[in-house]
Amino acid sequence: TITVFGPSLGYGIQILEIERYKSSEGFAPQVSLIVMISMVARIFFWLAKRFAYQLLFQAIFLYVTQIALLFQWFRHHPKKFPFLSCENSGLFYILISILFAGFCQISAVSFQQNSIYVEGIGSFAAIFEAMLALPQFYKNCVKKSTEGLNIYFILLWAVGDLAKTVYYIILNTPIQLVLSALFQLITDI
């Protein structure tokens with residue numbers, strides 16, 4: 001169960017941080033977009049090339065957690081706008097991930113037996129997931145601050161990447177996921 005729910009724990013802490021301070025200024029919502037897109041791709045990769053069930057459930061739970069985080073981000077964003085407006089990047093990111101899931105579904109129907117497609121969707125999932133911290137890093141650099149970002153969120157990111165790397169190696173998961181985890185671990189250091 002730690003494999004399924006553990007990666008979402010840091011995001012849960014960030015949701016609580018946003019609620020506690022009634023501000024979402026410290027969190028880069030693009031992180032949620034990257035997580036959602038990479039988890040959609042991982043789900044379709046899993047459907048085409050079965051590996052540990054825990055990683056499928058982890059992807060689903062991470063996706064749902066990101067939706068909750070984006071709703072919290074929207075709720076406490078200092079710039080108030082209608083939820084269904086174009087300025088609401090949280091809703092826009094959710095819609096992009098849904099459109100991407102539709103694209104993956106159409107692709108899967110056509111190419112699921114094609115090894116190039118299968119390895120390609122796995123590589124896409126891994127590469128996209130490896131870019132996870134970049135929007136947050138950029139936001140922190142621009143602001144010259146990590147204010148509004150819970151320290152436990154960052155620590156759990158690093159500990160989670162270490163655990164994920166070891167777990168992937170032990171379970172002999174597809175190489176794309178192992179390389180992504182190694183890259184994330186290196187960027188945490």
# chains A, B, ... in the order shown; residues from 1 in each chain; ligands from 1

call {"tool": "residues_around", "arguments": {"residues": "A:Ile175", "least_positions_apart": "3", "cutoff": "12 Å", "atoms": "only C-alpha atoms", "output": "count of residues only"}}
result
19

call {"tool": "residues_around", "arguments": {"residues": "A:Glu17", "least_positions_apart": "4", "cutoff": "10 Å", "atoms": "only C-alpha atoms", "output": "PDB file with all heavy atoms, in the first residue's frame"}}
result
ATOM      1  N   TYR A  11       1.971  15.388  -1.919  1.00  0.00           N
ATOM      2  CA  TYR A  11       0.969  16.268  -2.526  1.00  0.00           C
ATOM      3  C   TYR A  11      -0.173  16.540  -1.544  1.00  0.00           C
ATOM      4  O   TYR A  11      -0.716  17.636  -1.504  1.00  0.00           O
ATOM      5  CB  TYR A  11       0.442  15.677  -3.829  1.00  0.00           C
ATOM      6  CG  TYR A  11       1.511  15.554  -4.874  1.00  0.00           C
ATOM      7  CD1 TYR A  11       2.046  14.314  -5.216  1.00  0.00           C
ATOM      8  CD2 TYR A  11       2.018  16.680  -5.516  1.00  0.00           C
ATOM      9  CE1 TYR A  11       3.049  14.207  -6.164  1.00  0.00           C
ATOM     10  CE2 TYR A  11       3.018  16.581  -6.468  1.00  0.00           C
ATOM     11  CZ  TYR A  11       3.530  15.334  -6.790  1.00  0.00           C
ATOM     12  OH  TYR A  11       4.522  15.232  -7.723  1.00  0.00           O
ATOM     13  N   GLY A  12      -0.519  15.521  -0.760  1.00  0.00           N
ATOM     14  CA  GLY A  12      -1.540  15.704   0.271  1.00  0.00           C
ATOM     15  C   GLY A  12      -1.103  16.733   1.298  1.00  0.00           C
ATOM     16  O   GLY A  12      -1.896  17.576   1.738  1.00  0.00           O
ATOM     17  N   ILE A  13       0.166  16.677   1.673  1.00  0.00           N
ATOM     18  CA  ILE A  13       0.703  17.661   2.610  1.00  0.00           C
ATOM     19  C   ILE A  13       0.651  19.060   2.001  1.00  0.00           C
ATOM     20  O   ILE A  13       0.317  20.034   2.678  1.00  0.00           O
ATOM     21  CB  ILE A  13       2.138  17.273   3.034  1.00  0.00           C
ATOM     22  CG1 ILE A  13       2.077  16.036   3.939  1.00  0.00           C
ATOM     23  CG2 ILE A  13       2.847  18.435   3.725  1.00  0.00           C
ATOM     24  CD1 ILE A  13       3.429  15.435   4.256  1.00  0.00           C
ATOM     25  N   TYR A  21      -2.702  28.056   4.970  1.00  0.00           N
ATOM     26  CA  TYR A  21      -2.332  29.458   4.765  1.00  0.00           C
ATOM     27  C   TYR A  21      -3.285  30.203   3.820  1.00  0.00           C
ATOM     28  O   TYR A  21      -3.070  31.373   3.544  1.00  0.00           O
ATOM     29  CB  TYR A  21      -0.892  29.557   4.258  1.00  0.00           C
ATOM     30  CG  TYR A  21       0.104  29.147   5.324  1.00  0.00           C
ATOM     31  CD1 TYR A  21       0.730  27.915   5.258  1.00  0.00           C
ATOM     32  CD2 TYR A  21       0.367  29.988   6.394  1.00  0.00           C
ATOM     33  CE1 TYR A  21       1.627  27.529   6.249  1.00  0.00           C
ATOM     34  CE2 TYR A  21       1.265  29.601   7.388  1.00  0.00           C
ATOM     35  CZ  TYR A  21       1.891  28.371   7.305  1.00  0.00           C
ATOM     36  OH  TYR A  21       2.769  27.986   8.287  1.00  0.00           O
ATOM     37  N   LYS A  22      -4.272  29.483   3.311  1.00  0.00           N
ATOM     38  CA  LYS A  22      -5.257  30.080   2.390  1.00  0.00           C
ATOM     39  C   LYS A  22      -4.571  30.760   1.202  1.00  0.00           C
ATOM     40  O   LYS A  22      -4.996  31.802   0.729  1.00  0.00           O
ATOM     41  CB  LYS A  22      -6.156  31.091   3.114  1.00  0.00           C
ATOM     42  CG  LYS A  22      -6.841  30.571   4.347  1.00  0.00           C
ATOM     43  CD  LYS A  22      -7.886  29.554   4.018  1.00  0.00           C
ATOM     44  CE  LYS A  22      -8.679  29.181   5.265  1.00  0.00           C
ATOM     45  NZ  LYS A  22      -8.799  27.757   5.461  1.00  0.00           N
ATOM     46  N   SER A  23      -3.490  30.137   0.735  1.00  0.00           N
ATOM     47  CA  SER A  23      -2.739  30.681  -0.393  1.00  0.00           C
ATOM     48  C   SER A  23      -2.106  29.541  -1.177  1.00  0.00           C
ATOM     49  O   SER A  23      -1.540  28.613  -0.601  1.00  0.00           O
ATOM     50  CB  SER A  23      -1.640  31.624   0.105  1.00  0.00           C
ATOM     51  OG  SER A  23      -0.812  32.012  -0.979  1.00  0.00           O
ATOM     52  N   SER A  24      -2.182  29.645  -2.486  1.00  0.00           N
ATOM     53  CA  SER A  24      -1.559  28.637  -3.352  1.00  0.00           C
ATOM     54  C   SER A  24      -0.357  29.205  -4.088  1.00  0.00           C
ATOM     55  O   SER A  24       0.139  28.600  -5.021  1.00  0.00           O
ATOM     56  CB  SER A  24      -2.590  28.090  -4.339  1.00  0.00           C
ATOM     57  OG  SER A  24      -3.118  29.142  -5.129  1.00  0.00           O
ATOM     58  N   GLY A  26       2.787  29.408  -3.472  1.00  0.00           N
ATOM     59  CA  GLY A  26       4.061  28.686  -3.485  1.00  0.00           C
ATOM     60  C   GLY A  26       4.114  27.499  -4.425  1.00  0.00           C
ATOM     61  O   GLY A  26       5.194  27.023  -4.759  1.00  0.00           O
ATOM     62  N   PHE A  27       2.964  27.015  -4.855  1.00  0.00           N
ATOM     63  CA  PHE A  27       2.921  25.789  -5.660  1.00  0.00           C
ATOM     64  C   PHE A  27       2.784  26.114  -7.137  1.00  0.00           C
ATOM     65  O   PHE A  27       1.962  26.944  -7.528  1.00  0.00           O
ATOM     66  CB  PHE A  27       1.759  24.898  -5.216  1.00  0.00           C
ATOM     67  CG  PHE A  27       1.650  23.625  -5.993  1.00  0.00           C
ATOM     68  CD1 PHE A  27       2.563  22.605  -5.809  1.00  0.00           C
ATOM     69  CD2 PHE A  27       0.645  23.461  -6.929  1.00  0.00           C
ATOM     70  CE1 PHE A  27       2.481  21.431  -6.545  1.00  0.00           C
ATOM     71  CE2 PHE A  27       0.547  22.295  -7.668  1.00  0.00           C
ATOM     72  CZ  PHE A  27       1.467  21.277  -7.474  1.00  0.00           C
ATOM     73  N   GLN A  72      -7.698  22.734  -4.997  1.00  0.00           N
ATOM     74  CA  GLN A  72      -7.246  23.508  -3.837  1.00  0.00           C
ATOM     75  C   GLN A  72      -6.435  24.725  -4.299  1.00  0.00           C
ATOM     76  O   GLN A  72      -6.581  25.816  -3.747  1.00  0.00           O
ATOM     77  CB  GLN A  72      -6.412  22.612  -2.911  1.00  0.00           C
ATOM     78  CG  GLN A  72      -6.118  23.219  -1.584  1.00  0.00           C
ATOM     79  CD  GLN A  72      -7.343  23.262  -0.688  1.00  0.00           C
ATOM     80  OE1 GLN A  72      -8.491  23.278  -1.117  1.00  0.00           O
ATOM     81  NE2 GLN A  72      -7.098  23.323   0.601  1.00  0.00           N
ATOM     82  N   GLY A 148       5.544  29.151   0.912  1.00  0.00           N
ATOM     83  CA  GLY A 148       4.277  28.552   0.502  1.00  0.00           C
ATOM     84  C   GLY A 148       4.423  27.099   0.082  1.00  0.00           C
ATOM     85  O   GLY A 148       3.438  26.441  -0.229  1.00  0.00           O
ATOM     86  N   LEU A 149       5.651  26.618   0.084  1.00  0.00           N
ATOM     87  CA  LEU A 149       5.919  25.233  -0.286  1.00  0.00           C
ATOM     88  C   LEU A 149       6.342  24.498   0.978  1.00  0.00           C
ATOM     89  O   LEU A 149       7.312  24.885   1.632  1.00  0.00           O
ATOM     90  CB  LEU A 149       7.047  25.206  -1.323  1.00  0.00           C
ATOM     91  CG  LEU A 149       7.119  24.022  -2.243  1.00  0.00           C
ATOM     92  CD1 LEU A 149       5.854  23.908  -3.082  1.00  0.00           C
ATOM     93  CD2 LEU A 149       8.314  24.150  -3.157  1.00  0.00           C
ATOM     94  N   ASN A 150       5.632  23.472   1.335  1.00  0.00           N
ATOM     95  CA  ASN A 150       5.915  22.752   2.564  1.00  0.00           C
ATOM     96  C   ASN A 150       7.217  21.979   2.426  1.00  0.00           C
ATOM     97  O   ASN A 150       7.426  21.258   1.453  1.00  0.00           O
ATOM     98  CB  ASN A 150       4.749  21.814   2.887  1.00  0.00           C
ATOM     99  CG  ASN A 150       4.863  21.209   4.254  1.00  0.00           C
ATOM    100  OD1 ASN A 150       5.771  20.442   4.538  1.00  0.00           O
ATOM    101  ND2 ASN A 150       3.936  21.581   5.124  1.00  0.00           N
ATOM    102  N   PHE A 153       6.874  18.349   1.821  1.00  0.00           N
ATOM    103  CA  PHE A 153       6.538  18.046   0.429  1.00  0.00           C
ATOM    104  C   PHE A 153       7.821  17.779  -0.351  1.00  0.00           C
ATOM    105  O   PHE A 153       7.944  16.779  -1.051  1.00  0.00           O
ATOM    106  CB  PHE A 153       5.751  19.227  -0.157  1.00  0.00           C
ATOM    107  CG  PHE A 153       5.470  19.134  -1.635  1.00  0.00           C
ATOM    108  CD1 PHE A 153       4.697  18.106  -2.150  1.00  0.00           C
ATOM    109  CD2 PHE A 153       5.961  20.094  -2.507  1.00  0.00           C
ATOM    110  CE1 PHE A 153       4.425  18.036  -3.511  1.00  0.00           C
ATOM    111  CE2 PHE A 153       5.696  20.025  -3.861  1.00  0.00           C
ATOM    112  CZ  PHE A 153       4.925  18.995  -4.365  1.00  0.00           C
TER     113      PHE A 153
END

call {"tool": "atom_distance", "arguments": {"atom1": "atom CA of A:Leu69", "atom2": "atom CA of A:Val31"}}
result
10.2 Å

call {"tool": "closest_residue", "arguments": {"among": "A:Ile67, A:Leu132, A:Phe100, A:Asp188", "to": "A:Leu155", "atoms": "only C-alpha atoms"}}
result
A:Asp188

call {"tool": "closest_atom_pairs", "arguments": {"of": "stretch 35-67 of chain A", "to": "stretch 104-111 of chain A", "cutoff": "9 Å", "atoms": "only C-alpha atoms", "output": "JSON lines"}}
result
{"residue": "A:Val40", "atom": "CA", "partner": "A:Cys104", "partner_atom": "CA", "distance": 8.1}
{"residue": "A:Ala41", "atom": "CA", "partner": "A:Cys104", "partner_atom": "CA", "distance": 7.3}
{"residue": "A:Phe44", "atom": "CA", "partner": "A:Cys104", "partner_atom": "CA", "distance": 6.9}
{"residue": "A:Leu47", "atom": "CA", "partner": "A:Ala108", "partner_atom": "CA", "distance": 8.9}
{"residue": "A:Ala48", "atom": "CA", "partner": "A:Ala108", "partner_atom": "CA", "distance": 7.9}
